[in-house]
Amino acid sequence: MAANLPSSTEGDSLISDINVTPFVDVVLVLLVIFIVTAPALVKDTLGIKLPKAASADGSAMETLGVAVTRQGQILLNGTIATEEAVTAAVKAALSKNPDAQAIIAADGEARHADVVRAIDLVKTAGMSRFALQIERPEKTETKAGP
């Protein structure tokens, strides 16, 4: 078995290929540095100083979760509740924040009358902002015809 080793005359020649791997590494590091520092630079260049207010309300909008199970039970934020408890919770949320809202979810096999009862509880307690929670079906791929 003969080894294919360079001869002494071939070893003296210069390497004519450029190794770009270190160059790419440096460019990627610089890119990361620019991405990290760019938001701070842009914020300072805009010259906007946000005002401060002592009466600013930092609390997020309160959202009540009302759910109807398959058996017709009403859940308030994940725990079983009576109709009176739901009404009291809605009124308490509205007293804290008049813009409070509710998200009403129902099991797919819940009776229509039970869902309407949950909506009616929320509306009669005075809350006008509510939404019905749904689950979107997964998109199925359609194959193009020949």
# chains A, B, ... in the order shown; residues from 1 in each chain; ligands from 1

call {"tool": "residues_around", "arguments": {"residues": "Val122 (chain A)", "least_positions_apart": "2", "cutoff": "8 Å", "atoms": "only C-alpha atoms", "output": "count of residues only"}}
result
12

call {"tool": "closest_residue", "arguments": {"among": "A:Glu135, A:Thr21, A:Arg111, A:Glu83", "to": "Thr69 (chain A)", "atoms": "only C-alpha atoms"}}
result
A:Arg111

call {"tool": "residues_around", "arguments": {"residues": "Glu62 (chain A)", "least_positions_apart": "4", "cutoff": "8 Å", "atoms": "only C-alpha atoms", "output": "JSON, numbers by chain"}}
result
{"A": [93, 97, 100, 101]}

call {"tool": "closest_residue", "arguments": {"among": "A:Val66, A:Ile80, A:Ala106, A:Leu94", "to": "Leu121 (chain A)", "atoms": "only C-alpha atoms"}}
result
A:Val66

call {"tool": "closest_residue", "arguments": {"among": "A:Ser16, A:Phe34, A:Val68, A:Thr63", "to": "Pro98 (chain A)", "atoms": "only C-alpha atoms"}}
result
A:Thr63

call {"tool": "atom_distance", "arguments": {"atom1": "CA of Ala131 (chain A)", "atom2": "CA of Ala105 (chain A)"}}
result
8.6 Å

call {"tool": "atom_distance", "arguments": {"atom1": "CA of Ala92 (chain A)", "atom2": "CA of Leu76 (chain A)"}}
result
13.2 Å

call {"tool": "decode", "arguments": {"residues": "region 67-100 of chain A", "atoms": "N, CA and C atoms", "output": "short mmCIF file (atom, residue, chain, number, x, y, z; two decimals), in the first residue's frame"}}
result
data_model
loop_
_atom_site.label_atom_id
_atom_site.label_comp_id
_atom_site.auth_asym_id
_atom_site.auth_seq_id
_atom_site.Cartn_x
_atom_site.Cartn_y
_atom_site.Cartn_z
N ALA A 67 -67.57 28.99 31.53
CA ALA A 67 -67.62 27.80 30.68
C ALA A 67 -68.83 26.97 31.04
N VAL A 68 -69.34 26.25 30.05
CA VAL A 68 -70.48 25.36 30.23
C VAL A 68 -70.01 23.96 29.86
N THR A 69 -70.17 23.01 30.80
CA THR A 69 -69.74 21.64 30.55
C THR A 69 -70.81 20.88 29.78
N ARG A 70 -70.48 19.71 29.38
CA ARG A 70 -71.41 18.84 28.65
C ARG A 70 -72.65 18.54 29.49
N GLN A 71 -72.46 18.46 30.82
CA GLN A 71 -73.57 18.16 31.72
C GLN A 71 -74.38 19.41 32.08
N GLY A 72 -73.97 20.59 31.63
CA GLY A 72 -74.71 21.81 31.91
C GLY A 72 -74.21 22.58 33.11
N GLN A 73 -73.11 22.14 33.72
CA GLN A 73 -72.55 22.86 34.86
C GLN A 73 -71.85 24.13 34.36
N ILE A 74 -71.90 25.16 35.18
CA ILE A 74 -71.24 26.42 34.83
C ILE A 74 -69.96 26.53 35.62
N LEU A 75 -68.87 26.84 34.92
CA LEU A 75 -67.57 27.04 35.54
C LEU A 75 -67.21 28.52 35.45
N LEU A 76 -66.69 29.05 36.53
CA LEU A 76 -66.22 30.44 36.55
C LEU A 76 -64.73 30.41 36.79
N ASN A 77 -63.97 30.82 35.81
CA ASN A 77 -62.51 30.78 35.86
C ASN A 77 -61.98 29.40 36.26
N GLY A 78 -62.61 28.37 35.74
CA GLY A 78 -62.13 27.01 35.94
C GLY A 78 -62.71 26.26 37.13
N THR A 79 -63.54 26.88 37.97
CA THR A 79 -64.13 26.19 39.12
C THR A 79 -65.65 26.21 39.00
N ILE A 80 -66.27 25.16 39.46
CA ILE A 80 -67.73 25.05 39.40
C ILE A 80 -68.35 26.17 40.22
N ALA A 81 -69.35 26.85 39.64
CA ALA A 81 -69.96 27.98 40.31
C ALA A 81 -71.48 27.95 40.11
N THR A 82 -72.17 28.59 41.02
CA THR A 82 -73.61 28.73 40.89
C THR A 82 -73.92 29.94 40.03
N GLU A 83 -75.17 30.06 39.63
CA GLU A 83 -75.58 31.21 38.83
C GLU A 83 -75.40 32.50 39.62
N GLU A 84 -75.67 32.43 40.92
CA GLU A 84 -75.52 33.62 41.76
C GLU A 84 -74.05 34.03 41.85
N ALA A 85 -73.16 33.06 41.93
CA ALA A 85 -71.73 33.36 42.01
C ALA A 85 -71.23 34.01 40.72
N VAL A 86 -71.74 33.54 39.58
CA VAL A 86 -71.35 34.13 38.30
C VAL A 86 -71.84 35.57 38.23
N THR A 87 -73.09 35.80 38.62
CA THR A 87 -73.65 37.15 38.60
C THR A 87 -72.86 38.07 39.53
N ALA A 88 -72.52 37.59 40.73
CA ALA A 88 -71.76 38.40 41.68
C ALA A 88 -70.36 38.70 41.14
N ALA A 89 -69.72 37.73 40.50
CA ALA A 89 -68.38 37.93 39.95
C ALA A 89 -68.41 38.95 38.81
N VAL A 90 -69.45 38.89 37.98
CA VAL A 90 -69.57 39.85 36.88
C VAL A 90 -69.75 41.26 37.43
N LYS A 91 -70.63 41.39 38.42
CA LYS A 91 -70.87 42.71 39.00
C LYS A 91 -69.61 43.25 39.69
N ALA A 92 -68.88 42.37 40.38
CA ALA A 92 -67.64 42.80 41.04
C ALA A 92 -66.59 43.24 40.01
N ALA A 93 -66.49 42.51 38.91
CA ALA A 93 -65.53 42.88 37.86
C ALA A 93 -65.90 44.21 37.23
N LEU A 94 -67.19 44.43 37.03
CA LEU A 94 -67.64 45.69 36.44
C LEU A 94 -67.47 46.86 37.39
N SER A 95 -67.57 46.61 38.69
CA SER A 95 -67.37 47.71 39.64
C SER A 95 -65.90 48.13 39.68
N LYS A 96 -64.98 47.17 39.48
CA LYS A 96 -63.56 47.49 39.44
C LYS A 96 -63.18 48.16 38.12
N ASN A 97 -63.73 47.62 37.04
CA ASN A 97 -63.37 48.11 35.71
C ASN A 97 -64.61 48.03 34.82
N PRO A 98 -65.19 49.16 34.44
CA PRO A 98 -66.39 49.15 33.62
C PRO A 98 -66.18 48.53 32.24
N ASP A 99 -64.92 48.40 31.82
CA ASP A 99 -64.63 47.80 30.52
C ASP A 99 -64.29 46.32 30.62
N ALA A 100 -64.59 45.69 31.76
CA ALA A 100 -64.29 44.27 31.92
C ALA A 100 -65.05 43.47 30.88
#
